[in-house]
file protein.cif (mmCIF, C-alpha atoms)
data_upload
loop_
_atom_site.label_atom_id
_atom_site.label_comp_id
_atom_site.auth_asym_id
_atom_site.auth_seq_id
_atom_site.Cartn_x
_atom_site.Cartn_y
_atom_site.Cartn_z
CA MET A 1 25.42 -10.76 44.21
CA LYS A 2 24.20 -14.18 43.24
CA ARG A 3 20.80 -13.92 44.83
CA PRO A 4 19.53 -10.82 43.03
CA ALA A 5 20.61 -12.40 39.75
CA ARG A 6 18.56 -15.49 40.51
CA ILE A 7 15.54 -13.41 41.46
CA TRP A 8 15.95 -11.45 38.26
CA ALA A 9 16.01 -14.69 36.28
CA ILE A 10 12.84 -15.90 37.99
CA LEU A 11 11.12 -12.62 37.22
CA VAL A 12 12.13 -12.88 33.58
CA VAL A 13 10.76 -16.42 33.33
CA ALA A 14 7.56 -15.35 35.07
CA GLY A 15 7.29 -12.43 32.68
CA PHE A 16 7.55 -14.71 29.66
CA ALA A 17 4.95 -17.04 31.12
CA ALA A 18 2.59 -14.11 31.64
CA ALA A 19 3.23 -12.79 28.14
CA ALA A 20 2.46 -16.20 26.67
CA GLY A 21 -0.78 -16.03 28.65
CA ALA A 22 -3.45 -18.43 27.61
CA GLN A 23 -1.65 -19.45 24.47
CA THR A 24 0.61 -22.38 25.12
CA ALA A 25 4.01 -21.58 23.69
CA THR A 26 4.96 -25.19 23.06
CA ASP A 27 2.31 -26.63 20.74
CA GLY A 28 3.33 -24.73 17.60
CA ARG A 29 0.04 -22.87 17.18
CA ARG A 30 0.49 -19.22 16.28
CA SER A 31 -1.93 -16.36 16.15
CA GLY A 32 -1.63 -14.24 13.01
CA PHE A 33 -0.56 -11.52 15.45
CA ALA A 34 2.81 -13.26 15.91
CA ASP A 35 3.63 -12.90 12.21
CA MET A 36 2.69 -9.24 11.84
CA SER A 37 5.19 -6.40 11.62
CA PRO A 38 6.15 -4.82 14.97
CA ALA A 39 4.45 -1.60 13.79
CA LEU A 40 1.13 -3.34 13.22
CA GLN A 41 1.45 -5.24 16.50
CA ALA A 42 1.95 -1.91 18.27
CA ILE A 43 -1.25 -0.57 16.69
CA GLN A 44 -3.25 -3.55 17.94
CA ARG A 45 -1.74 -3.27 21.43
CA ASP A 46 -2.51 0.42 21.84
CA ASP A 47 -6.22 1.10 22.25
CA MET A 48 -5.67 4.74 21.35
CA SER A 49 -4.33 3.82 17.91
CA ASN A 50 -6.24 0.60 17.23
CA PRO A 51 -8.85 1.66 14.64
CA ALA A 52 -11.16 -1.19 15.69
CA MET A 53 -11.72 0.59 19.01
CA LEU A 54 -13.97 3.03 17.12
CA TRP A 55 -16.39 0.14 16.55
CA VAL A 56 -16.04 -0.96 20.17
CA ALA A 57 -16.99 2.54 21.34
CA GLU A 58 -19.96 2.56 18.97
CA GLY A 59 -20.95 -0.85 20.31
CA GLU A 60 -20.87 0.45 23.85
CA ALA A 61 -23.26 3.25 22.90
CA GLN A 62 -25.56 0.66 21.29
CA TRP A 63 -25.40 -1.50 24.40
CA ASN A 64 -26.89 1.31 26.44
CA ALA A 65 -29.36 2.66 23.86
CA ARG A 66 -33.02 1.63 23.94
CA ALA A 67 -34.09 0.13 20.63
CA GLY A 68 -36.88 -1.76 18.89
CA ASN A 69 -40.58 -1.97 19.58
CA ALA A 70 -39.81 -3.21 23.10
CA GLY A 71 -37.81 -0.04 23.78
CA LYS A 72 -35.18 -1.97 25.69
CA SER A 73 -31.42 -1.69 25.70
CA CYS A 74 -29.00 -4.57 26.11
CA ALA A 75 -28.08 -3.05 29.46
CA ASP A 76 -31.72 -3.16 30.64
CA CYS A 77 -31.52 -6.96 30.75
CA HIS A 78 -27.80 -7.73 31.00
CA GLY A 79 -26.52 -4.84 33.08
CA ALA A 80 -23.01 -3.59 32.47
CA GLY A 81 -21.16 -4.63 29.33
CA GLU A 82 -18.57 -6.30 31.55
CA SER A 83 -21.19 -8.97 32.27
CA MET A 84 -20.34 -10.30 28.80
CA ARG A 85 -16.81 -11.23 29.89
CA GLY A 86 -16.16 -14.84 28.88
CA VAL A 87 -19.04 -15.06 26.40
CA ALA A 88 -17.16 -14.63 23.11
CA VAL A 89 -14.59 -17.33 23.95
CA ARG A 90 -17.35 -19.95 24.21
CA TYR A 91 -19.22 -19.18 20.99
CA PRO A 92 -20.56 -20.65 18.72
CA ALA A 93 -22.90 -22.27 21.24
CA PHE A 94 -26.08 -24.33 21.19
CA ASP A 95 -29.20 -22.16 21.45
CA ALA A 96 -31.70 -24.32 23.32
CA LYS A 97 -34.71 -22.20 22.36
CA ALA A 98 -33.87 -22.10 18.65
CA ARG A 99 -32.52 -25.67 18.88
CA THR A 100 -29.61 -24.79 16.67
CA VAL A 101 -25.96 -23.79 16.88
CA VAL A 102 -25.43 -20.03 16.66
CA ASP A 103 -22.33 -17.88 16.55
CA LEU A 104 -21.97 -14.74 18.64
CA ASP A 105 -23.31 -12.47 15.90
CA GLY A 106 -26.28 -14.81 15.42
CA ARG A 107 -26.93 -14.88 19.17
CA ILE A 108 -26.92 -11.09 19.39
CA ASP A 109 -29.25 -10.88 16.42
CA ARG A 110 -31.73 -13.29 18.03
CA CYS A 111 -31.67 -11.18 21.18
CA ARG A 112 -32.33 -8.11 19.08
CA ASN A 113 -35.31 -9.74 17.35
CA GLU A 114 -36.83 -11.46 20.37
CA HIS A 115 -36.18 -9.10 23.26
CA GLN A 116 -35.82 -5.69 21.67
CA ARG A 117 -38.26 -6.61 18.90
CA ALA A 118 -35.97 -4.79 16.50
CA SER A 119 -35.17 -5.76 12.93
CA SER A 120 -31.82 -7.26 11.92
CA PRO A 121 -29.21 -4.94 10.46
CA ALA A 122 -27.59 -6.31 7.29
CA PRO A 123 -24.68 -8.72 7.71
CA GLU A 124 -21.36 -6.85 8.06
CA SER A 125 -23.16 -3.54 8.57
CA ARG A 126 -21.61 -1.10 10.99
CA PRO A 127 -24.16 -1.51 13.83
CA ARG A 128 -23.95 -5.28 13.61
CA LEU A 129 -20.15 -5.35 13.74
CA ALA A 130 -19.99 -2.68 16.45
CA ILE A 131 -22.12 -4.53 19.00
CA ALA A 132 -20.33 -7.82 18.24
CA ALA A 133 -16.97 -6.09 18.68
CA TYR A 134 -18.08 -4.56 21.99
CA VAL A 135 -19.31 -7.87 23.38
CA ALA A 136 -16.28 -9.82 22.12
CA PHE A 137 -13.90 -7.14 23.43
CA GLN A 138 -15.06 -7.96 26.96
CA SER A 139 -13.24 -11.32 26.72
CA ARG A 140 -9.90 -9.93 25.58
CA GLY A 141 -7.01 -11.90 27.09
CA MET A 142 -9.11 -14.92 28.04
CA ALA A 143 -8.43 -18.43 26.76
CA ILE A 144 -10.68 -19.73 24.00
CA ALA A 145 -12.93 -22.29 25.68
CA PRO A 146 -15.36 -23.93 23.22
CA PRO A 147 -18.24 -25.83 24.81
CA THR A 148 -19.09 -29.42 23.92
CA GLY A 149 -22.38 -31.25 23.48
CA GLY A 150 -24.23 -33.28 20.89
CA SER A 151 -25.16 -30.55 18.42
CA LEU A 152 -21.86 -28.74 18.81
CA ASP A 153 -19.88 -31.95 18.40
CA ALA A 154 -21.81 -32.71 15.23
CA ALA A 155 -21.21 -29.16 13.98
CA ALA A 156 -17.49 -29.49 14.68
CA ILE A 157 -17.32 -32.72 12.68
CA ALA A 158 -19.21 -31.13 9.80
CA GLY A 159 -16.98 -28.05 10.04
CA GLU A 160 -13.82 -30.12 9.87
CA ALA A 161 -15.15 -31.95 6.80
CA LEU A 162 -15.79 -28.56 5.14
CA TYR A 163 -12.31 -27.41 6.16
CA ARG A 164 -10.83 -30.40 4.34
CA GLN A 165 -13.09 -30.27 1.28
CA ARG A 166 -11.54 -29.03 -1.95
CA LEU A 167 -13.61 -26.20 -3.42
CA GLY A 168 -13.93 -23.97 -6.43
CA GLN A 169 -12.32 -23.84 -9.84
CA LEU A 170 -8.90 -23.84 -8.15
CA ASN A 171 -9.95 -26.95 -6.19
CA LEU A 172 -8.27 -26.08 -2.89
CA SER A 173 -9.29 -26.89 0.68
CA CYS A 174 -8.73 -24.68 3.73
CA ALA A 175 -6.43 -27.38 5.13
CA GLN A 176 -4.17 -27.44 2.08
CA CYS A 177 -3.08 -23.88 2.78
CA HIS A 178 -3.68 -23.26 6.49
CA ASP A 179 -2.55 -26.66 7.85
CA GLU A 180 -0.20 -28.05 5.25
CA ARG A 181 1.41 -24.83 4.00
CA ALA A 182 1.04 -22.35 6.87
CA GLY A 183 4.11 -20.13 7.11
CA GLY A 184 4.78 -20.49 3.38
CA SER A 185 4.62 -17.59 0.96
CA LEU A 186 1.58 -17.11 -1.26
CA ALA A 187 2.78 -14.47 -3.71
CA GLY A 188 5.00 -12.98 -1.02
CA VAL A 189 2.35 -13.05 1.74
CA ALA A 190 2.78 -15.45 4.66
CA ILE A 191 -0.05 -17.96 4.99
CA PRO A 192 -1.40 -17.85 8.56
CA GLN A 193 -2.56 -20.87 10.56
CA ALA A 194 -6.09 -19.43 10.48
CA HIS A 195 -6.89 -19.25 14.18
CA PRO A 196 -9.94 -17.01 14.71
CA THR A 197 -8.58 -15.32 17.82
CA GLY A 198 -9.59 -11.71 17.27
CA TYR A 199 -12.85 -11.31 15.35
CA PRO A 200 -14.45 -9.07 14.46
CA LEU A 201 -11.14 -7.51 13.46
CA TYR A 202 -9.80 -4.54 11.54
CA ARG A 203 -8.09 -5.54 8.30
CA SER A 204 -6.06 -2.99 6.34
CA GLU A 205 -7.13 -4.72 3.14
CA TRP A 206 -10.78 -4.05 4.07
CA GLN A 207 -10.15 -0.58 5.49
CA GLY A 208 -12.64 -1.58 8.13
CA LEU A 209 -13.95 -4.18 10.54
CA GLY A 210 -15.11 -7.60 9.38
CA SER A 211 -16.33 -10.89 10.77
CA LEU A 212 -14.83 -14.36 10.59
CA GLN A 213 -17.58 -15.24 8.12
CA ARG A 214 -16.41 -12.42 5.86
CA ARG A 215 -12.86 -13.74 6.07
CA ILE A 216 -13.92 -17.29 5.19
CA ARG A 217 -16.03 -16.01 2.29
CA ASN A 218 -12.99 -14.05 1.00
CA CYS A 219 -10.96 -17.26 0.92
CA MET A 220 -13.78 -19.05 -0.91
CA THR A 221 -13.87 -16.29 -3.51
CA GLY A 222 -10.09 -16.62 -3.80
CA VAL A 223 -10.34 -20.27 -4.84
CA ARG A 224 -13.15 -19.27 -7.23
CA ALA A 225 -15.86 -21.01 -5.24
CA GLU A 226 -19.40 -19.77 -4.63
CA PRO A 227 -19.20 -18.48 -1.02
CA TYR A 228 -21.76 -19.70 1.49
CA PRO A 229 -24.20 -16.87 2.29
CA PHE A 230 -23.71 -14.94 5.53
CA GLY A 231 -25.29 -16.87 8.39
CA ALA A 232 -25.29 -20.17 6.48
CA PRO A 233 -25.03 -23.28 8.68
CA GLU A 234 -21.84 -24.24 6.85
CA LEU A 235 -20.10 -21.05 7.97
CA VAL A 236 -21.23 -21.58 11.57
CA GLU A 237 -19.94 -25.18 11.40
CA LEU A 238 -16.58 -23.93 10.17
CA GLU A 239 -16.54 -21.44 13.05
CA VAL A 240 -17.22 -24.23 15.56
CA PHE A 241 -14.37 -26.30 14.14
CA LEU A 242 -11.94 -23.37 14.00
CA MET A 243 -12.69 -22.33 17.59
CA ARG A 244 -12.04 -25.87 18.83
CA ARG A 245 -8.83 -25.94 16.81
CA ALA A 246 -7.81 -22.72 18.61
CA ALA A 247 -8.94 -23.85 22.08
CA GLY A 248 -6.72 -22.40 24.79
CA MET A 249 -5.31 -19.61 22.63
CA ALA A 250 -5.66 -16.04 23.86
CA TRP A 251 -8.63 -13.95 22.70
CA GLU A 252 -7.55 -10.71 21.01
CA THR A 253 -10.69 -8.86 19.93
CA PRO A 254 -10.45 -6.27 18.54
CA ALA A 255 -7.47 -7.56 16.54
CA VAL A 256 -5.74 -5.78 13.66
CA ARG A 257 -4.45 -7.61 10.60
CA PRO A 258 -2.79 -6.57 7.33
CA MET B 259 -15.41 -25.10 -25.44
CA PRO B 260 -15.95 -27.89 -22.94
CA ALA B 261 -12.74 -29.29 -21.48
CA SER B 262 -12.80 -32.95 -20.68
CA ALA B 263 -10.65 -36.03 -20.74
CA ALA B 264 -12.15 -36.83 -24.14
CA ASP B 265 -10.18 -33.95 -25.64
CA TYR B 266 -6.77 -35.57 -25.16
CA VAL B 267 -4.99 -38.87 -24.84
CA VAL B 268 -2.78 -39.67 -21.86
CA THR B 269 0.21 -41.87 -22.60
CA GLY B 270 2.09 -42.88 -19.49
CA ASP B 271 2.60 -39.64 -17.55
CA ALA B 272 2.26 -37.39 -20.58
CA ILE B 273 -0.13 -35.92 -23.14
CA GLU B 274 2.00 -36.08 -26.26
CA ARG B 275 -0.20 -34.20 -28.71
CA PRO B 276 -0.93 -30.47 -28.35
CA LEU B 277 -4.46 -29.71 -27.09
CA GLU B 278 -6.80 -28.99 -30.00
CA GLY B 279 -3.74 -28.99 -32.24
CA ALA B 280 -2.80 -25.52 -31.00
CA ILE B 281 0.74 -24.27 -31.56
CA GLY B 282 2.20 -22.73 -28.42
CA ASP B 283 4.07 -19.47 -28.28
CA ALA B 284 6.68 -19.15 -25.52
CA ALA B 285 6.46 -15.34 -25.28
CA ARG B 286 2.69 -15.46 -24.81
CA GLY B 287 3.22 -18.30 -22.33
CA ARG B 288 5.61 -16.22 -20.27
CA ALA B 289 3.02 -13.42 -20.05
CA ILE B 290 0.37 -15.92 -18.89
CA VAL B 291 2.70 -17.34 -16.22
CA ALA B 292 3.51 -13.82 -14.99
CA ASN B 293 -0.16 -12.78 -14.86
CA ARG B 294 -1.48 -13.21 -11.33
CA THR B 295 -5.13 -13.33 -12.34
CA LEU B 296 -4.74 -15.48 -15.45
CA GLY B 297 -2.00 -18.07 -15.05
CA LEU B 298 -1.80 -17.64 -11.27
CA CYS B 299 1.49 -19.61 -11.38
CA LEU B 300 3.60 -17.17 -9.35
CA LEU B 301 1.18 -17.21 -6.44
CA CYS B 302 2.67 -20.61 -5.51
CA HIS B 303 5.78 -21.05 -7.67
CA SER B 304 8.80 -18.87 -8.21
CA GLY B 305 10.19 -18.49 -11.70
CA PRO B 306 12.77 -16.57 -13.74
CA ILE B 307 10.51 -13.55 -14.18
CA PRO B 308 12.42 -10.90 -12.24
CA GLU B 309 9.97 -8.06 -12.88
CA GLU B 310 7.38 -9.90 -10.78
CA ARG B 311 8.68 -9.25 -7.30
CA PHE B 312 6.32 -11.19 -5.05
CA GLN B 313 6.49 -14.85 -5.90
CA GLY B 314 5.35 -17.89 -3.94
CA ASN B 315 7.38 -20.66 -2.35
CA LEU B 316 4.62 -23.24 -1.89
CA ALA B 317 5.56 -25.35 -4.89
CA PRO B 318 8.77 -26.21 -6.78
CA PRO B 319 10.48 -23.35 -8.67
CA LEU B 320 9.64 -23.26 -12.37
CA ASP B 321 13.33 -22.77 -13.17
CA GLY B 322 14.57 -25.83 -15.01
CA ALA B 323 11.09 -27.25 -15.63
CA GLY B 324 12.00 -27.78 -19.29
CA SER B 325 15.00 -29.88 -18.28
CA ARG B 326 13.04 -31.97 -15.82
CA TRP B 327 10.05 -32.71 -18.04
CA SER B 328 9.24 -33.20 -21.69
CA GLU B 329 6.54 -31.05 -23.31
CA GLY B 330 4.13 -33.97 -23.06
CA GLN B 331 4.85 -34.39 -19.35
CA LEU B 332 4.45 -30.65 -18.75
CA ARG B 333 1.14 -30.73 -20.62
CA LEU B 334 -0.39 -33.42 -18.39
CA ARG B 335 0.95 -31.69 -15.27
CA LEU B 336 -0.97 -28.56 -16.29
CA VAL B 337 -4.08 -30.27 -17.63
CA ASP B 338 -4.82 -32.63 -14.74
CA PRO B 339 -2.03 -33.04 -12.16
CA ALA B 340 -4.29 -35.06 -9.85
CA ARG B 341 -3.83 -38.03 -12.20
CA LEU B 342 -0.22 -38.14 -11.03
CA ALA B 343 -0.51 -36.75 -7.48
CA PRO B 344 -4.06 -36.80 -6.10
CA ASP B 345 -3.22 -34.73 -3.01
CA SER B 346 -1.26 -32.05 -4.86
CA PRO B 347 -2.65 -28.53 -4.40
CA MET B 348 -1.81 -27.82 -8.05
CA PRO B 349 -5.14 -27.04 -9.77
CA ALA B 350 -6.16 -28.84 -12.93
CA TYR B 351 -5.93 -26.12 -15.57
CA TYR B 352 -8.00 -27.92 -18.18
CA ARG B 353 -10.63 -29.79 -16.23
CA THR B 354 -14.18 -28.77 -15.44
CA ASP B 355 -15.57 -31.94 -13.85
CA GLY B 356 -15.11 -33.29 -10.34
CA LEU B 357 -15.09 -29.79 -8.79
CA SER B 358 -17.29 -28.47 -5.96
CA ARG B 359 -19.17 -25.16 -5.63
CA VAL B 360 -17.43 -23.48 -8.55
CA ALA B 361 -18.46 -19.80 -8.63
CA PRO B 362 -20.97 -19.06 -11.42
CA ALA B 363 -18.50 -16.82 -13.25
CA PHE B 364 -16.13 -19.77 -13.67
CA ALA B 365 -18.58 -22.68 -13.90
CA GLY B 366 -17.95 -24.97 -16.85
CA LYS B 367 -14.78 -23.14 -17.82
CA PRO B 368 -11.24 -24.45 -17.45
CA ILE B 369 -8.70 -22.12 -15.80
CA LEU B 370 -6.88 -21.75 -19.14
CA THR B 371 -7.99 -22.49 -22.68
CA ALA B 372 -6.30 -25.15 -24.78
CA ALA B 373 -4.40 -22.46 -26.69
CA GLN B 374 -3.23 -20.80 -23.47
CA ILE B 375 -2.03 -24.12 -22.08
CA GLU B 376 -0.02 -24.72 -25.23
CA ASP B 377 1.56 -21.27 -24.79
CA VAL B 378 2.52 -22.09 -21.19
CA VAL B 379 3.91 -25.50 -22.21
CA ALA B 380 6.01 -23.79 -24.89
CA TYR B 381 7.35 -21.29 -22.33
CA LEU B 382 8.09 -23.86 -19.62
CA ALA B 383 9.95 -26.00 -22.16
CA THR B 384 12.41 -23.11 -22.62
CA LEU B 385 13.31 -23.10 -18.90
CA ARG B 386 16.46 -25.23 -18.91
CA GLU B 387 18.79 -25.83 -15.99
CA PRO B 388 22.13 -24.20 -16.77
CA GLY B 389 24.33 -26.82 -18.38
CA ALA B 390 21.60 -29.47 -18.61
CA ALA B 391 21.56 -31.35 -21.90
CA ARG B 392 18.36 -32.51 -23.49
#

call {"tool": "encode", "arguments": {"input": "protein.cif", "output": "structure tokens"}}
result
Amino acid sequence: MKRPARIWAILVVAGFAAAAGAQTATDGRRSGFADMSPALQAIQRDDMSNPAMLWVAEGEAQWNARAGNAGKSCADCHGAGESMRGVAVRYPAFDAKARTVVDLDGRIDRCRNEHQRASSPAPESRPRLAIAAYVAFQSRGMAIAPPTGGSLDAAAIAGEALYRQRLGQLNLSCAQCHDERAGGSLAGVAIPQAHPTGYPLYRSEWQGLGSLQRRIRNCMTGVRAEPYPFGAPELVELEVFLMRRAAGMAWETPAVRP
Amino acid sequence: MPASAADYVVTGDAIERPLEGAIGDAARGRAIVANRTLGLCLLCHSGPIPEERFQGNLAPPLDGAGSRWSEGQLRLRLVDPARLAPDSPMPAYYRTDGLSRVAPAFAGKPILTAAQIEDVVAYLATLREPGAAR
């Protein structure tokens, strides 16, 4: 009787370890997922009810569709979408040709311009979010693994300085809420730790998909600051810093949030 | 209506004289405190305003503020709290300098006007701890 009980205990422990996955359970970092209602968590977990999967499906169609003056599809160069597994967890990255740091959306847009010779869809437009969601979805479950290097290290330092800078008429920094007061209640809403584990993600408040840049700009508007424009180096620097801060946590794209 | 340190005199940890000589009204002050897009107070603080259900817990409750502080002390804590606690997240409600990237719609404007601050001071002064003498 004793032995089966012990085996059962081992299985339970192994199960917890697997559930914790890439996210270390001991360091106190929490994805916003952990603080959502069980109902919302269930929606994210179930691909048939996760509304963000509509964008992923649209992104898959884009992946295989020929576009631009070059008449090429993503698949013509990259092959199957699964070849993108592991890409999203290491962006932003240094683009050697452009000699600048780019986030995943920026990288895809450069590919579109240079290889498909197609024009850029507007920031946050449906085609732009759909292809980013499809590519990022390929890394679901992987550990966030930001690369290092001179330009990226400099971007991370700049990003951290921005994270700690007080902004706007309300004169608040990201860190004052998301480091120093995470878990507290802002008008009844729990302040998350701001780990970018699931972008682009579906937010009920938006009734749609949005990027991490959109989320950061929302916060800037909230403190009555002038938001950095989409694609601004400052937003990419913040992304670099936030991804390093979330290193090792599990990738969730496409996530769902309230 | 520029707001600057020239508009008031700080004595110790207080501004004793009402801003621009305005006379505060506690009922108007209560409405400003309860208003989430004007006073913004209940985003971070809780207070004895039961009809506002979703209140913050990031800062001390407003209950009893009038027992803890004089009107002059409350006034400075609204006008420019960084003078007393530089790292406090509490915004300066009557300061327009030393800020970064203020959105154009708010540039050069304090969060509240002098008259509104006097209303809030008048309201907060009515919030006494039960049994506290002052």

call {"tool": "resolve_selection", "arguments": {"input": "protein.cif", "expression": "the PyMOL selection byres ((chain A) within 7 of (chain B))", "output": "PDB file with C-alpha atoms, in the coordinates of the input"}}
result
ATOM      1  CA  LEU A 167     -13.610 -26.200  -3.420  1.00  0.00           C
ATOM      2  CA  GLY A 168     -13.930 -23.970  -6.430  1.00  0.00           C
ATOM      3  CA  GLN A 169     -12.320 -23.840  -9.840  1.00  0.00           C
ATOM      4  CA  LEU A 170      -8.900 -23.840  -8.150  1.00  0.00           C
ATOM      5  CA  ASN A 171      -9.950 -26.950  -6.190  1.00  0.00           C
ATOM      6  CA  LEU A 172      -8.270 -26.080  -2.890  1.00  0.00           C
ATOM      7  CA  GLN A 176      -4.170 -27.440   2.080  1.00  0.00           C
ATOM      8  CA  ARG A 181       1.410 -24.830   4.000  1.00  0.00           C
ATOM      9  CA  GLY A 184       4.780 -20.490   3.380  1.00  0.00           C
ATOM     10  CA  SER A 185       4.620 -17.590   0.960  1.00  0.00           C
ATOM     11  CA  LEU A 186       1.580 -17.110  -1.260  1.00  0.00           C
ATOM     12  CA  ALA A 187       2.780 -14.470  -3.710  1.00  0.00           C
ATOM     13  CA  GLY A 188       5.000 -12.980  -1.020  1.00  0.00           C
ATOM     14  CA  ARG A 224     -13.150 -19.270  -7.230  1.00  0.00           C
ATOM     15  CA  ALA A 225     -15.860 -21.010  -5.240  1.00  0.00           C
ATOM     16  CA  GLU A 226     -19.400 -19.770  -4.630  1.00  0.00           C
TER      17      GLU A 226
END

call {"tool": "resolve_selection", "arguments": {"input": "protein.cif", "expression": "the PyMOL selection byres ((chain B and resi 319-332) around 8)", "output": "list in words"}}
result
Asp271, Ala272, Ile273, Glu274, Arg275, His303, Ser304, Gly305, Pro306, Asn315, Ala317, Pro318, Arg333, Leu334, Arg335, Leu336, Val379, Ala380, Leu382, Ala383, Thr384, Leu385, Arg386, Glu387, Pro388, Ala390, Ala391 and Arg392 of chain B

call {"tool": "write_last_selection", "arguments": {"input": "protein.cif", "atoms": "C-alpha atoms", "output": "compact mmCIF listing (two decimals), in the coordinates of the input"}}
result
# COMPACT_ATOMS: atom_id res chain seq x y z
CA ASP B 271 2.60 -39.64 -17.55
CA ALA B 272 2.26 -37.39 -20.58
CA ILE B 273 -0.13 -35.92 -23.14
CA GLU B 274 2.00 -36.08 -26.26
CA ARG B 275 -0.20 -34.20 -28.71
CA HIS B 303 5.78 -21.05 -7.67
CA SER B 304 8.80 -18.87 -8.21
CA GLY B 305 10.19 -18.49 -11.70
CA PRO B 306 12.77 -16.57 -13.74
CA ASN B 315 7.38 -20.66 -2.35
CA ALA B 317 5.56 -25.35 -4.89
CA PRO B 318 8.77 -26.21 -6.78
CA ARG B 333 1.14 -30.73 -20.62
CA LEU B 334 -0.39 -33.42 -18.39
CA ARG B 335 0.95 -31.69 -15.27
CA LEU B 336 -0.97 -28.56 -16.29
CA VAL B 379 3.91 -25.50 -22.21
CA ALA B 380 6.01 -23.79 -24.89
CA LEU B 382 8.09 -23.86 -19.62
CA ALA B 383 9.95 -26.00 -22.16
CA THR B 384 12.41 -23.11 -22.62
CA LEU B 385 13.31 -23.10 -18.90
CA ARG B 386 16.46 -25.23 -18.91
CA GLU B 387 18.79 -25.83 -15.99
CA PRO B 388 22.13 -24.20 -16.77
CA ALA B 390 21.60 -29.47 -18.61
CA ALA B 391 21.56 -31.35 -21.90
CA ARG B 392 18.36 -32.51 -23.49

call {"tool": "atom_distance", "arguments": {"input": "protein.cif", "atom1": "atom CA of A:Ile144", "atom2": "atom CA of A:Trp251"}}
result
6.3 Å

call {"tool": "residues_around", "arguments": {"input": "protein.cif", "residues": "A:Gly106", "least_positions_apart": "5", "cutoff": "9 Å", "atoms": "only C-alpha atoms", "output": "mmCIF file with C-alpha atoms, in the frame of the given file"}}
result
data_model
loop_
_atom_site.group_PDB
_atom_site.id
_atom_site.type_symbol
_atom_site.label_atom_id
_atom_site.label_comp_id
_atom_site.auth_asym_id
_atom_site.auth_seq_id
_atom_site.Cartn_x
_atom_site.Cartn_y
_atom_site.Cartn_z
ATOM 1 C CA PRO A 92 -20.560 -20.650 18.720
ATOM 2 C CA CYS A 111 -31.670 -11.180 21.180
ATOM 3 C CA GLY A 231 -25.290 -16.870 8.390
#

call {"tool": "residues_around", "arguments": {"input": "protein.cif", "residues": "B:Ala289", "least_positions_apart": "5", "cutoff": "10 Å", "atoms": "only C-alpha atoms", "output": "JSON list (two decimals) with C-alpha atoms, in the frame of the given file"}}
result
[["chain", "number", "residue", "atom", "x", "y", "z"],
["B", 284, "ALA", "CA", 6.68, -19.15, -25.52],
["B", 294, "ARG", "CA", -1.48, -13.21, -11.33],
["B", 296, "LEU", "CA", -4.74, -15.48, -15.45],
["B", 297, "GLY", "CA", -2.00, -18.07, -15.05],
["B", 307, "ILE", "CA", 10.51, -13.55, -14.18],
["B", 377, "ASP", "CA", 1.56, -21.27, -24.79],
["B", 378, "VAL", "CA", 2.52, -22.09, -21.19],
["B", 381, "TYR", "CA", 7.35, -21.29, -22.33]]

call {"tool": "residues_around", "arguments": {"input": "protein.cif", "residues": "A:Arg244", "least_positions_apart": "2", "cutoff": "12 Å", "atoms": "only C-alpha atoms", "output": "JSON, numbers by chain"}}
result
{"A": [89, 90, 91, 92, 93, 143, 144, 145, 146, 147, 148, 152, 153, 155, 156, 157, 159, 160, 195, 196, 197, 237, 238, 239, 240, 241, 242, 246, 247, 248, 249]}

call {"tool": "write_last_selection", "arguments": {"input": "protein.cif", "atoms": "C-alpha atoms", "output": "PDB file, in the coordinates of the input"}}
result
ATOM      1  CA  VAL A  89     -14.590 -17.330  23.950  1.00  0.00           C
ATOM      2  CA  ARG A  90     -17.350 -19.950  24.210  1.00  0.00           C
ATOM      3  CA  TYR A  91     -19.220 -19.180  20.990  1.00  0.00           C
ATOM      4  CA  PRO A  92     -20.560 -20.650  18.720  1.00  0.00           C
ATOM      5  CA  ALA A  93     -22.900 -22.270  21.240  1.00  0.00           C
ATOM      6  CA  ALA A 143      -8.430 -18.430  26.760  1.00  0.00           C
ATOM      7  CA  ILE A 144     -10.680 -19.730  24.000  1.00  0.00           C
ATOM      8  CA  ALA A 145     -12.930 -22.290  25.680  1.00  0.00           C
ATOM      9  CA  PRO A 146     -15.360 -23.930  23.220  1.00  0.00           C
ATOM     10  CA  PRO A 147     -18.240 -25.830  24.810  1.00  0.00           C
ATOM     11  CA  THR A 148     -19.090 -29.420  23.920  1.00  0.00           C
ATOM     12  CA  LEU A 152     -21.860 -28.740  18.810  1.00  0.00           C
ATOM     13  CA  ASP A 153     -19.880 -31.950  18.400  1.00  0.00           C
ATOM     14  CA  ALA A 155     -21.210 -29.160  13.980  1.00  0.00           C
ATOM     15  CA  ALA A 156     -17.490 -29.490  14.680  1.00  0.00           C
ATOM     16  CA  ILE A 157     -17.320 -32.720  12.680  1.00  0.00           C
ATOM     17  CA  GLY A 159     -16.980 -28.050  10.040  1.00  0.00           C
ATOM     18  CA  GLU A 160     -13.820 -30.120   9.870  1.00  0.00           C
ATOM     19  CA  HIS A 195      -6.890 -19.250  14.180  1.00  0.00           C
ATOM     20  CA  PRO A 196      -9.940 -17.010  14.710  1.00  0.00           C
ATOM     21  CA  THR A 197      -8.580 -15.320  17.820  1.00  0.00           C
ATOM     22  CA  GLU A 237     -19.940 -25.180  11.400  1.00  0.00           C
ATOM     23  CA  LEU A 238     -16.580 -23.930  10.170  1.00  0.00           C
ATOM     24  CA  GLU A 239     -16.540 -21.440  13.050  1.00  0.00           C
ATOM     25  CA  VAL A 240     -17.220 -24.230  15.560  1.00  0.00           C
ATOM     26  CA  PHE A 241     -14.370 -26.300  14.140  1.00  0.00           C
ATOM     27  CA  LEU A 242     -11.940 -23.370  14.000  1.00  0.00           C
ATOM     28  CA  ALA A 246      -7.810 -22.720  18.610  1.00  0.00           C
ATOM     29  CA  ALA A 247      -8.940 -23.850  22.080  1.00  0.00           C
ATOM     30  CA  GLY A 248      -6.720 -22.400  24.790  1.00  0.00           C
ATOM     31  CA  MET A 249      -5.310 -19.610  22.630  1.00  0.00           C
TER      32      MET A 249
END
